[in-house]
Every structure is written in C-alpha cells, then in structure tokens.
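For reference, structure_16.cif (mmCIF, N, CA and C atoms):
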data_entry
#
loop_
_atom_site.label_atom_id
_atom_site.label_comp_id
_atom_site.auth_asym_id
_atom_site.auth_seq_id
_atom_site.Cartn_x
_atom_site.Cartn_y
_atom_site.Cartn_z
N MET A 1 69.68 137.67 112.44
CA MET A 1 68.78 136.55 112.56
C MET A 1 69.14 135.78 113.83
N HIS A 2 68.16 135.18 114.46
CA HIS A 2 68.35 134.37 115.66
C HIS A 2 67.98 132.92 115.32
N PHE A 3 68.96 132.04 115.41
CA PHE A 3 68.74 130.62 115.13
C PHE A 3 68.74 129.86 116.45
N ILE A 4 67.78 128.97 116.63
CA ILE A 4 67.66 128.17 117.84
C ILE A 4 67.73 126.71 117.43
N PHE A 5 68.68 125.99 118.01
CA PHE A 5 68.89 124.59 117.66
C PHE A 5 68.74 123.70 118.88
N ASP A 6 68.09 122.57 118.70
CA ASP A 6 68.16 121.47 119.65
C ASP A 6 69.48 120.78 119.36
N LEU A 7 69.92 119.88 120.21
CA LEU A 7 71.17 119.16 119.97
C LEU A 7 70.95 117.76 119.42
N ASP A 8 70.43 116.87 120.26
CA ASP A 8 70.36 115.46 119.91
C ASP A 8 69.43 115.19 118.73
N GLU A 9 69.99 114.53 117.75
CA GLU A 9 69.32 114.16 116.51
C GLU A 9 68.89 115.38 115.69
N THR A 10 69.43 116.54 116.02
CA THR A 10 69.22 117.76 115.25
C THR A 10 70.55 118.20 114.66
N VAL A 11 71.53 118.46 115.51
CA VAL A 11 72.87 118.79 115.02
C VAL A 11 73.91 117.77 115.47
N ILE A 12 73.55 116.94 116.44
CA ILE A 12 74.48 115.92 116.95
C ILE A 12 73.81 114.55 116.91
N ASP A 13 74.55 113.57 116.39
CA ASP A 13 74.09 112.18 116.44
C ASP A 13 74.63 111.56 117.72
N SER A 14 73.76 111.42 118.69
CA SER A 14 74.13 110.80 119.97
C SER A 14 73.31 109.54 120.19
N SER A 15 72.83 108.96 119.11
CA SER A 15 71.93 107.80 119.20
C SER A 15 72.57 106.61 119.91
N HIS A 16 73.89 106.53 119.88
CA HIS A 16 74.59 105.41 120.53
C HIS A 16 74.50 105.48 122.06
N ARG A 17 73.99 106.58 122.61
CA ARG A 17 73.87 106.67 124.07
C ARG A 17 72.46 107.00 124.53
N GLN A 18 71.49 106.71 123.70
CA GLN A 18 70.09 106.90 124.08
C GLN A 18 69.56 105.61 124.67
N GLY A 19 69.30 105.57 125.92
CA GLY A 19 68.75 104.36 126.54
C GLY A 19 67.23 104.34 126.46
N GLU A 20 66.67 103.24 126.89
CA GLU A 20 65.21 103.11 126.93
C GLU A 20 64.64 103.78 128.17
N THR A 21 65.47 103.88 129.22
CA THR A 21 65.01 104.47 130.48
C THR A 21 66.00 105.56 130.89
N LEU A 22 65.60 106.35 131.87
CA LEU A 22 66.49 107.39 132.38
C LEU A 22 67.74 106.77 132.98
N ASP A 23 67.60 105.66 133.69
CA ASP A 23 68.77 104.99 134.26
C ASP A 23 69.75 104.53 133.19
N GLU A 24 69.23 104.00 132.09
CA GLU A 24 70.10 103.59 130.98
C GLU A 24 70.79 104.79 130.36
N TRP A 25 70.04 105.88 130.18
CA TRP A 25 70.61 107.10 129.60
C TRP A 25 71.75 107.60 130.48
N ILE A 26 71.54 107.64 131.78
CA ILE A 26 72.59 108.09 132.71
C ILE A 26 73.81 107.19 132.61
N ALA A 27 73.59 105.88 132.58
CA ALA A 27 74.70 104.92 132.50
C ALA A 27 75.49 105.07 131.19
N LEU A 28 74.81 105.42 130.12
CA LEU A 28 75.46 105.54 128.81
C LEU A 28 76.18 106.88 128.60
N ASN A 29 75.95 107.83 129.46
CA ASN A 29 76.54 109.16 129.30
C ASN A 29 77.90 109.27 129.97
N THR A 30 78.79 108.43 129.53
CA THR A 30 80.17 108.46 130.00
C THR A 30 80.97 109.38 129.07
N ARG A 31 82.14 109.77 129.52
CA ARG A 31 83.01 110.62 128.68
C ARG A 31 83.30 109.92 127.36
N ASP A 32 83.65 108.63 127.42
CA ASP A 32 83.97 107.90 126.19
C ASP A 32 82.80 107.90 125.20
N ASN A 33 81.59 107.69 125.69
CA ASN A 33 80.43 107.68 124.81
C ASN A 33 80.12 109.07 124.27
N ILE A 34 80.23 110.09 125.12
CA ILE A 34 79.96 111.46 124.67
C ILE A 34 80.93 111.85 123.56
N LEU A 35 82.19 111.45 123.70
CA LEU A 35 83.19 111.80 122.68
C LEU A 35 83.02 111.01 121.39
N LYS A 36 82.09 110.05 121.37
CA LYS A 36 81.76 109.33 120.14
C LYS A 36 80.64 110.03 119.35
N ASP A 37 80.06 111.09 119.91
CA ASP A 37 79.03 111.85 119.19
C ASP A 37 79.61 112.36 117.87
N THR A 38 78.77 112.43 116.87
CA THR A 38 79.18 112.97 115.57
C THR A 38 78.20 114.05 115.15
N LEU A 39 78.62 114.85 114.19
CA LEU A 39 77.77 115.92 113.70
C LEU A 39 76.81 115.42 112.63
N LEU A 40 75.62 115.99 112.62
CA LEU A 40 74.65 115.77 111.57
C LEU A 40 74.76 116.94 110.58
N PRO A 41 74.24 116.80 109.36
CA PRO A 41 74.41 117.84 108.35
C PRO A 41 73.96 119.25 108.79
N LEU A 42 72.92 119.34 109.61
CA LEU A 42 72.43 120.65 110.03
C LEU A 42 73.46 121.40 110.88
N ALA A 43 74.43 120.70 111.44
CA ALA A 43 75.48 121.35 112.23
C ALA A 43 76.27 122.36 111.39
N ASP A 44 76.42 122.08 110.10
CA ASP A 44 77.12 123.03 109.22
C ASP A 44 76.37 124.36 109.16
N GLN A 45 75.05 124.32 109.15
CA GLN A 45 74.25 125.55 109.14
C GLN A 45 74.38 126.29 110.48
N MET A 46 74.44 125.53 111.55
CA MET A 46 74.62 126.14 112.87
C MET A 46 75.96 126.86 112.95
N LYS A 47 77.01 126.20 112.48
CA LYS A 47 78.35 126.81 112.47
C LYS A 47 78.38 128.06 111.58
N ALA A 48 77.76 127.97 110.42
CA ALA A 48 77.75 129.10 109.49
C ALA A 48 77.03 130.30 110.10
N ALA A 49 75.92 130.05 110.76
CA ALA A 49 75.17 131.14 111.40
C ALA A 49 76.03 131.81 112.47
N TYR A 50 76.69 131.01 113.27
CA TYR A 50 77.56 131.54 114.33
C TYR A 50 78.68 132.39 113.72
N HIS A 51 79.33 131.87 112.69
CA HIS A 51 80.44 132.59 112.08
C HIS A 51 79.99 133.82 111.28
N ASN A 52 78.72 133.85 110.87
CA ASN A 52 78.18 135.02 110.18
C ASN A 52 77.76 136.12 111.15
N GLY A 53 77.88 135.84 112.45
CA GLY A 53 77.52 136.84 113.45
C GLY A 53 76.07 136.80 113.86
N ASP A 54 75.33 135.78 113.40
CA ASP A 54 73.95 135.64 113.84
C ASP A 54 73.93 135.14 115.28
N VAL A 55 72.81 135.34 115.94
CA VAL A 55 72.65 134.84 117.31
C VAL A 55 72.28 133.37 117.20
N VAL A 56 73.05 132.52 117.86
CA VAL A 56 72.79 131.08 117.87
C VAL A 56 72.52 130.66 119.30
N THR A 57 71.37 130.05 119.52
CA THR A 57 70.99 129.57 120.84
C THR A 57 70.80 128.07 120.77
N VAL A 58 71.30 127.38 121.78
CA VAL A 58 71.05 125.95 121.90
C VAL A 58 69.97 125.78 122.95
N CYS A 59 68.91 125.08 122.58
CA CYS A 59 67.80 124.82 123.49
C CYS A 59 67.63 123.31 123.55
N THR A 60 68.08 122.73 124.64
CA THR A 60 68.07 121.27 124.76
C THR A 60 67.54 120.87 126.12
N SER A 61 66.95 119.70 126.19
CA SER A 61 66.51 119.20 127.49
C SER A 61 67.57 118.29 128.11
N ARG A 62 68.66 118.14 127.41
CA ARG A 62 69.77 117.32 127.91
C ARG A 62 70.48 118.06 129.04
N VAL A 63 70.96 117.31 130.01
CA VAL A 63 71.80 117.87 131.07
C VAL A 63 73.23 117.88 130.53
N LEU A 64 73.86 119.06 130.49
CA LEU A 64 75.18 119.18 129.90
C LEU A 64 76.26 119.06 130.97
N SER A 65 77.28 118.28 130.65
CA SER A 65 78.42 118.10 131.55
C SER A 65 79.66 118.71 130.91
N ALA A 66 80.73 118.73 131.65
CA ALA A 66 82.01 119.20 131.11
C ALA A 66 82.41 118.36 129.90
N HIS A 67 82.05 117.08 129.90
CA HIS A 67 82.38 116.20 128.77
C HIS A 67 81.62 116.62 127.51
N ASP A 68 80.38 117.09 127.68
CA ASP A 68 79.63 117.58 126.52
C ASP A 68 80.34 118.79 125.91
N PHE A 69 80.77 119.72 126.75
CA PHE A 69 81.46 120.91 126.23
C PHE A 69 82.79 120.54 125.58
N GLU A 70 83.46 119.55 126.13
CA GLU A 70 84.70 119.05 125.50
C GLU A 70 84.37 118.51 124.11
N SER A 71 83.29 117.75 124.02
CA SER A 71 82.86 117.20 122.73
C SER A 71 82.49 118.32 121.75
N PHE A 72 81.76 119.33 122.23
CA PHE A 72 81.37 120.45 121.35
C PHE A 72 82.60 121.13 120.77
N ARG A 73 83.63 121.31 121.60
CA ARG A 73 84.87 121.95 121.10
C ARG A 73 85.53 121.07 120.04
N LEU A 74 85.61 119.76 120.33
CA LEU A 74 86.23 118.84 119.37
C LEU A 74 85.46 118.78 118.06
N LEU A 75 84.14 118.92 118.14
CA LEU A 75 83.30 118.88 116.94
C LEU A 75 83.24 120.24 116.23
N GLY A 76 83.84 121.25 116.82
CA GLY A 76 83.86 122.57 116.20
C GLY A 76 82.59 123.38 116.44
N LEU A 77 81.80 122.99 117.44
CA LEU A 77 80.58 123.73 117.75
C LEU A 77 80.83 124.88 118.73
N LEU A 78 81.97 124.86 119.38
CA LEU A 78 82.35 125.95 120.29
C LEU A 78 83.75 126.39 119.93
N ASP A 79 83.99 127.66 120.07
CA ASP A 79 85.34 128.18 119.89
C ASP A 79 86.11 127.87 121.16
N GLY A 80 87.04 126.96 121.08
CA GLY A 80 87.81 126.55 122.24
C GLY A 80 88.66 127.66 122.83
N ASN A 81 88.83 128.76 122.12
CA ASN A 81 89.63 129.86 122.61
C ASN A 81 88.82 130.88 123.38
N GLU A 82 87.50 130.75 123.39
CA GLU A 82 86.66 131.74 124.05
C GLU A 82 86.49 131.36 125.51
N ASN A 83 86.97 132.22 126.40
CA ASN A 83 86.84 131.95 127.82
C ASN A 83 85.45 132.36 128.29
N PRO A 84 85.06 131.94 129.50
CA PRO A 84 83.70 132.24 129.97
C PRO A 84 83.38 133.73 130.02
N GLY A 85 84.36 134.55 130.41
CA GLY A 85 84.11 135.99 130.49
C GLY A 85 83.82 136.60 129.15
N SER A 86 84.63 136.29 128.14
CA SER A 86 84.40 136.87 126.82
C SER A 86 83.12 136.32 126.19
N LEU A 87 82.80 135.06 126.45
CA LEU A 87 81.56 134.48 125.94
C LEU A 87 80.36 135.23 126.51
N LYS A 88 80.32 135.40 127.82
CA LYS A 88 79.17 136.07 128.43
C LYS A 88 79.11 137.54 128.04
N LEU A 89 80.27 138.19 127.91
CA LEU A 89 80.29 139.57 127.45
C LEU A 89 79.68 139.67 126.06
N ARG A 90 80.08 138.80 125.15
CA ARG A 90 79.56 138.81 123.78
C ARG A 90 78.05 138.57 123.78
N LEU A 91 77.59 137.60 124.58
CA LEU A 91 76.17 137.30 124.61
C LEU A 91 75.36 138.45 125.20
N LEU A 92 75.87 139.06 126.26
CA LEU A 92 75.16 140.17 126.87
C LEU A 92 75.16 141.41 125.98
N GLN A 93 76.26 141.66 125.27
CA GLN A 93 76.28 142.77 124.32
C GLN A 93 75.27 142.54 123.21
N GLY A 94 75.14 141.29 122.79
CA GLY A 94 74.12 140.95 121.79
C GLY A 94 72.71 141.18 122.33
N MET A 95 72.50 140.87 123.61
CA MET A 95 71.20 141.10 124.23
C MET A 95 70.87 142.59 124.24
N ALA A 96 71.86 143.41 124.60
CA ALA A 96 71.65 144.86 124.61
C ALA A 96 71.29 145.35 123.20
N LYS A 97 72.01 144.86 122.23
CA LYS A 97 71.76 145.27 120.83
C LYS A 97 70.34 144.90 120.40
N ARG A 98 69.91 143.69 120.77
CA ARG A 98 68.56 143.25 120.40
C ARG A 98 67.49 144.08 121.11
N GLN A 99 67.83 144.66 122.26
CA GLN A 99 66.90 145.52 122.99
C GLN A 99 67.00 146.97 122.50
N ASN A 100 67.82 147.19 121.48
CA ASN A 100 68.02 148.53 120.90
C ASN A 100 68.50 149.54 121.93
N ILE A 101 69.40 149.09 122.82
CA ILE A 101 70.00 150.02 123.77
C ILE A 101 71.52 149.88 123.68
N SER A 102 72.20 150.95 124.02
CA SER A 102 73.66 150.91 123.98
C SER A 102 74.18 150.03 125.10
N TRP A 103 75.41 149.58 124.94
CA TRP A 103 76.05 148.79 125.99
C TRP A 103 76.14 149.61 127.27
N ARG A 104 76.46 150.88 127.13
CA ARG A 104 76.57 151.76 128.30
C ARG A 104 75.24 151.84 129.05
N GLN A 105 74.16 152.00 128.31
CA GLN A 105 72.83 152.07 128.95
C GLN A 105 72.49 150.73 129.60
N PHE A 106 72.79 149.65 128.91
CA PHE A 106 72.54 148.31 129.46
C PHE A 106 73.25 148.17 130.81
N CYS A 107 74.51 148.57 130.85
CA CYS A 107 75.31 148.44 132.07
C CYS A 107 74.77 149.30 133.22
N ARG A 108 74.22 150.46 132.88
CA ARG A 108 73.66 151.32 133.92
C ARG A 108 72.40 150.72 134.54
N THR A 109 71.72 149.83 133.82
CA THR A 109 70.44 149.31 134.28
C THR A 109 70.49 147.82 134.60
N ALA A 110 71.69 147.26 134.72
CA ALA A 110 71.81 145.82 134.95
C ALA A 110 72.85 145.52 136.02
N ILE A 111 72.63 144.43 136.71
CA ILE A 111 73.59 143.87 137.67
C ILE A 111 73.62 142.37 137.40
N MET A 112 74.80 141.80 137.42
CA MET A 112 74.93 140.36 137.18
C MET A 112 75.55 139.70 138.39
N PHE A 113 75.17 138.45 138.61
CA PHE A 113 75.74 137.62 139.66
C PHE A 113 76.34 136.40 139.00
N ASP A 114 77.62 136.14 139.27
CA ASP A 114 78.31 134.99 138.68
C ASP A 114 79.46 134.62 139.59
N ASP A 115 79.68 133.32 139.76
CA ASP A 115 80.75 132.88 140.65
C ASP A 115 82.10 132.72 139.94
N ASN A 116 82.12 132.82 138.63
CA ASN A 116 83.35 132.61 137.88
C ASN A 116 84.21 133.87 137.90
N ALA A 117 85.48 133.75 138.34
CA ALA A 117 86.38 134.90 138.47
C ALA A 117 86.62 135.58 137.12
N ASP A 118 86.78 134.81 136.06
CA ASP A 118 87.02 135.39 134.73
C ASP A 118 85.81 136.20 134.27
N VAL A 119 84.63 135.69 134.52
CA VAL A 119 83.40 136.40 134.13
C VAL A 119 83.32 137.72 134.89
N LYS A 120 83.53 137.66 136.21
CA LYS A 120 83.44 138.89 137.02
C LYS A 120 84.45 139.92 136.55
N GLU A 121 85.68 139.51 136.34
CA GLU A 121 86.72 140.44 135.91
C GLU A 121 86.40 141.06 134.55
N THR A 122 86.04 140.22 133.59
CA THR A 122 85.76 140.70 132.23
C THR A 122 84.58 141.66 132.21
N LEU A 123 83.49 141.29 132.87
CA LEU A 123 82.31 142.14 132.83
C LEU A 123 82.53 143.44 133.58
N ASN A 124 83.17 143.37 134.75
CA ASN A 124 83.45 144.60 135.49
C ASN A 124 84.36 145.53 134.69
N LYS A 125 85.37 145.00 134.01
CA LYS A 125 86.26 145.82 133.18
C LYS A 125 85.51 146.49 132.03
N ASN A 126 84.42 145.85 131.61
CA ASN A 126 83.64 146.37 130.49
C ASN A 126 82.39 147.12 130.94
N GLY A 127 82.35 147.49 132.21
CA GLY A 127 81.31 148.39 132.70
C GLY A 127 80.08 147.76 133.31
N LEU A 128 79.98 146.44 133.31
CA LEU A 128 78.80 145.79 133.90
C LEU A 128 79.14 145.34 135.31
N ARG A 129 78.36 145.78 136.27
CA ARG A 129 78.58 145.38 137.66
C ARG A 129 78.27 143.90 137.81
N CYS A 130 79.28 143.16 138.24
CA CYS A 130 79.13 141.71 138.38
C CYS A 130 79.64 141.31 139.76
N PHE A 131 78.80 140.66 140.52
CA PHE A 131 79.12 140.29 141.89
C PHE A 131 79.11 138.78 142.07
N CYS A 132 79.95 138.32 142.98
CA CYS A 132 80.03 136.90 143.30
C CYS A 132 78.94 136.55 144.31
N PRO A 133 78.14 135.52 144.06
CA PRO A 133 77.06 135.16 144.97
C PRO A 133 77.47 134.21 146.10
N ILE A 134 78.71 133.74 146.09
CA ILE A 134 79.10 132.68 147.03
C ILE A 134 78.97 133.12 148.48
N ASN A 135 79.53 134.27 148.85
CA ASN A 135 79.44 134.72 150.24
C ASN A 135 78.00 134.96 150.66
N TYR A 136 77.22 135.58 149.79
CA TYR A 136 75.82 135.83 150.10
C TYR A 136 75.10 134.51 150.36
N ASN A 137 75.27 133.57 149.46
CA ASN A 137 74.59 132.28 149.61
C ASN A 137 75.03 131.55 150.87
N SER A 138 76.31 131.62 151.19
CA SER A 138 76.82 130.96 152.41
C SER A 138 76.20 131.57 153.66
N ARG A 139 76.15 132.89 153.69
CA ARG A 139 75.59 133.58 154.86
C ARG A 139 74.11 133.35 155.02
N ASN A 140 73.42 133.17 153.92
CA ASN A 140 71.96 133.12 153.97
C ASN A 140 71.34 131.74 153.75
N LYS A 141 72.16 130.71 153.77
CA LYS A 141 71.65 129.35 153.61
C LYS A 141 70.81 128.98 154.81
N LYS A 142 69.70 128.37 154.54
CA LYS A 142 68.84 127.90 155.61
C LYS A 142 69.38 126.55 156.10
N ALA A 143 69.31 126.33 157.37
CA ALA A 143 69.77 125.04 157.93
C ALA A 143 68.90 123.92 157.37
N ALA A 144 69.57 122.86 156.97
CA ALA A 144 68.86 121.73 156.35
C ALA A 144 68.12 120.91 157.38
#

Exercise: express the given structure as structure tokens:
Amino acid sequence: MHFIFDLDETVIDSSHRQGETLDEWIALNTRDNILKDTLLPLADQMKAAYHNGDVVTVCTSRVLSAHDFESFRLLGLLDGNENPGSLKLRLLQGMAKRQNISWRQFCRTAIMFDDNADVKETLNKNGLRCFCPINYNSRNKKAA
C-alpha cells in the first residue's frame, strides 16, 4: 500500500508557528519553534505504515529545513540511523518494485545525479550509475 501524508495539522501540530502572512510564517519558523512541534494522532498510523514496509510519502507545501528534519527524528518520524545513501537506495528499490522490474534492470535503464558523496557511493556500489552534478553545473553556468 502507498500512504501519502501532508504534515501540518495532519500528522504534526505546528499551529504555534502559523502566521497570518508569509512574513510572519517565516519569522516564526525558528529552530526553537520547529522543535516545539508535536505529533497528532494520525502520526501513529504513518509510523505503523512505514514500519510495516508500506510506501510512505510526505506531500507538503512547507519548505523543509534542517531543523524540520531534526524535529522529525526527535518525533520518531524518521529513522535517525538512516543515512542519505541508504534512504535513497531503499526508495529507488521500492520504485523499481512498483514498476515490476528487477533492481538490476532498473539500474541498466537509469542514471542518477546527486551531489551527496554518501548517496553516490551507496548507489554506485549497488549498481546504479550516480554522478555528481557540481562540475557540470559550474562549467555550464550562464553569466548572470
């Protein structure tokens, strides 16, 4: 099963940092305020789906910062032990499975671009060609 969750007022109570305007919202999104977020009851279902091996997707219009991910780990919404490489490997393997193709076939027909060293190392070790876009982007940037 594939579960798709919004965050704010769905699985997370962040009402203490909802401003009336965008400027107020930006001002209220400090690390201290983000770490005051609490879980709503539906978060238990989200966690259960993840731990049951279901595909869990977060679909939010919120801009996520490092503080949000810190909060998600503290609230138990993310496995703090999962590094970026293993996370992306797991998600991509799930994508291949949903497309009814083997991981090997997926890797033969896919190329990934990612700037994170752990992601590149993990995916390349597992057969998916993963390239760093930094040099390409630097060489091909248009003058401002």

Separation of atom N of A:Leu39 and atom C of A:Val55, in Å?
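About the pair atom N of A:Leu39 and atom C of A:Val55: they are 19.8 Å apart.
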
Do you have the atom N of A:Glu24-atom N of A:Asp8 distance handy?
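Distance reported for this atom pair: 17.5 Å.
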
Shell of 8 Å around A:Ala110, all atoms listed in the file, local chain residues under 5 positions omitted, as JSON, numbers by chain:
{"A": [105, 128, 129, 130]}

Determine the nearest neighbour of A:Leu40 from the options A:Asp54, A:Glu9, A:Glu70, A:Asp118, counting all atoms listed in the file.
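For A:Leu40, the nearest of the given residues is A:Glu9.
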
Atom pair atom C of A:Thr122 / atom CA of A:Ser61: separation (Å)
29.2 Å

Determine the residue membership of the PyMOL selection byres (((chain A and resi 106 and name CA) around 12) and name CA) for the file above and supply it as a ChimeraX atom specification.
/A:89,92-105,107-112,126-129

Residue set, chain A restricted to helix (DSSP H, G or I), as a PyMOL selection string
chain A and resi 15-17+22-28+31-34+42-51+66-74+84-98+103-108+117-125+134-140

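Shortest separation to A:Thr60 among A:Thr30, A:Thr10, A:Asn135, A:Gln45 occurs at residue A:Thr10, atoms counted being only C-alpha atoms.
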
So which residues of stretch 46-137 of chain A fall under strand (DSSP E) by DSSP, listed as a list in words?
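So the strand (DSSP E) residues in stretch 46-137 of chain A would be Val55, Val56, Thr57, Val58, Ile111, Met112, Phe113, Arg129, Cys130 and Phe131 of chain A.
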
A:Ser65, A:Gln18, A:Thr57, A:Ser71: which is nearest A:Leu35, counting all atoms listed in the file?
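Of all the options, A:Ser71 lies closest to A:Leu35.
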
So that I can check the surroundings of A:Arg62, please list as a ChimeraX atom specification every protein, DNA and RNA residue that reaches within 10 Å of it, counting only C-alpha atoms and ignoring chain neighbours fewer than 4 positions away.
/A:6-8,68

Using only N, CA and C atoms, which residue out of A:Leu22, A:Val11, A:Val56, A:Val63 lies closest to A:Thr38?
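Between A:Leu22, A:Val11, A:Val56, A:Val63, the residue approaching A:Thr38 most closely is A:Val11.
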
Around all the atoms of stretch 3-16 of chain A listed in the file, with 6 Å of room on each side, what axis-aligned box do you get, giving centre and edge lengths in Å to one decimal, as AutoDock Vina command-line options?
--center_x 71.1 --center_y 118.7 --center_z 118.4 --size_x 19.0 --size_y 38.6 --size_z 19.4
